[in-house]
Amino acid sequence: MNYFDFAHITFAQPHFFWLLLLLPVMLYWTYFSKRKKENSFTVTSIHSLGKINETFKIKVRKFLPILRVLAILFLIIALARPQSSNINETIHNEGIDIVLSMDISGSMLAQDFKPNRIEAAKKVASDFVINRPTDRIGLVIFSGESFTQCPLTTDQNTLLEQIKHVKSGLLEDGTAIGMGLATAVERLRNSKAKSKIIILMTDGVNNTGLIDPITALEIAKAFKIRVYTIGIGTMGTAPYPIQDQFGNTTLQQMPVQIDEALMQKISKETAGKYFRATDNKSLEKIYQEIDKLEKTKIEMNTFKRYVDLYFPYLIFGLCLLVTEQLLKYLYVKSIHD
């Protein structure tokens with residue numbers, strides 16, 4: 001145990017440190033006040049003084065006041081009762097399991113968001129993950145079919161890497177909202193968490209898939225999963241990249257069609273909420289609001305056990321004091337004899 005690591009030592013009786021103010025007074029009295037009296041003597045000639053050598057005993061005598069001050073210093077520290085504390089913390093995490101279900105259909109390449117919808121969605125999803133280090137989060141992607149890109153995990157680095165590699169074209173094109181929701185529900189079906197959340201984001205209308213959205217909604221309700229839905233896309237028309245017959249890509253204004261009625265129904269019946277994101281800033285605010293709505297409850301119990309450290313200081317101080325007295329009366333005293 002480090003008895004001099006004062007950065008990690010507390011004192012039960014710190015008011016005893018006021019006694020330290022006596023130490024400068026003691027030094028002054030020893031080296032200045034008393035010295036004037038002891039050194040007053042009369043000589044008839046100064047020639048004999050040159051022959052006087054300072055003996056070892058005289059050197060020891062000069063050191064004795066410092067020894068006494070150190071002894072008193074350690075005794076004062078002992079009176080202040082230095083203590084080290086052993087802190088045990090028990091963290092109880094209520095836990096929230098969250099699945100991000102992200103549309104990666106071709107329409108997510110529309111550039112009404114910068115640089116496009118899918119990249120904007122990946123950025124806010126990554127920020128959301130970073131801000132929730134204690135939750136298990138998974139990732140589902142869907143277009144004409146659905147796929148679990150990352151199962152529920154607390155490994156943020158793995159999840160962020162999976163989000164980074166998401167791109168349009170990984171799956172058959174289309175918009176299978178029901179499949180995206182059903183796959184996310186499947187990831188949460190066996191979860192033991194008190195709160196189970198799905199954040200479902202799409203920019204279109206359900207037009208394919210083996211499971212229709214209403215069936216997926218009923219499954220989510222059966223497992224008491226709350227679904228937040230996000231419609232991503234500006235109002236009116238948006239610039240979509242279109243390839244011509246020569247392989248050249250051009251931007252073409254096309255109408256934005258989002259089944260908001262379905263999104264609202266899914267969120268309402270699962271006690272969630274529907275949001276509409278029309279640009280990067282509004283999408284960021286949506287994820288920030290969801291983050292506030294679904295705060296993880298963490299309880300921390302702290303137990304501190306204190307260990308007194310005064311005894312070594314007391315013994316060391318007494319040893320210094322006894323040493324000073326022995327030297328003074330048994331060794332140095334002969335100087336006066």
# chains A, B, ... in the order shown; residues from 1 in each chain; ligands from 1

$ residues_around --residues "region 259-271 of chain A" --least-positions-apart "3" --cutoff "7 Å" --atoms "only C-alpha atoms" --output "ChimeraX atom specification"
/A:204-205,217,221,225-229,231,274

$ write_last_selection --atoms "C-alpha atoms" --output "short mmCIF file (atom, residue, chain, number, x, y, z; two decimals), in the first residue's frame"
data_model
loop_
_atom_site.label_atom_id
_atom_site.label_comp_id
_atom_site.auth_asym_id
_atom_site.auth_seq_id
_atom_site.Cartn_x
_atom_site.Cartn_y
_atom_site.Cartn_z
CA GLY A 204 -41.54 4.35 -50.33
CA VAL A 205 -44.68 2.25 -50.49
CA LEU A 217 -47.60 -5.24 -37.31
CA LYS A 221 -47.91 -6.15 -31.11
CA ILE A 225 -42.43 -4.33 -29.42
CA ARG A 226 -42.62 -0.57 -29.84
CA VAL A 227 -42.03 0.66 -33.38
CA TYR A 228 -40.87 4.14 -34.34
CA THR A 229 -41.41 4.75 -38.03
CA GLY A 231 -40.64 8.44 -43.65
CA TYR A 274 -44.22 8.45 -36.68
#

$ select_by_dssp --residues "region 37-240 of chain A" --states "strand (DSSP E)" --output "PyMOL selection string"
chain A and resi 82-93+96-103+136-142+146-153+195-202+226-232+237-240

$ residues_around --residues "region 119-122 of chain A" --least-positions-apart "4" --cutoff "8 Å" --atoms "only C-alpha atoms" --output "ChimeraX atom specification"
/A:113-115,126,163-164,166,280,283

$ closest_residue --among "A:Ala12, A:Ala78, A:Val69, A:Ile214" --to "Ile315 (chain A)" --atoms "only C-alpha atoms"
A:Ala78

$ atom_distance --atom1 "CA of Asn131 (chain A)" --atom2 "CA of Leu109 (chain A)"
26.3 Å

$ closest_residue --among "A:Val256, A:Leu293, A:Ala220, A:Leu210" --to "Lys273 (chain A)" --atoms "only C-alpha atoms"
A:Leu293

$ residues_around --residues "Pro312 (chain A)" --least-positions-apart "6" --cutoff "10 Å" --atoms "only C-alpha atoms" --output "compact mmCIF listing (two decimals) with C-alpha atoms, in the first residue's frame"
# COMPACT_ATOMS: atom_id res chain seq x y z
CA TYR A 3 1.21 5.56 2.21
CA PHE A 74 4.30 12.78 10.88
CA LEU A 75 2.48 12.92 14.22
CA ALA A 78 -1.36 10.56 12.10
CA LEU A 318 7.54 8.57 17.40

$ select_by_dssp --residues "region 76-254 of chain A" --states "helix (DSSP H, G or I)" --output "ChimeraX atom specification"
/A:76-79,106-109,117-130,156-164,177-188,213-222
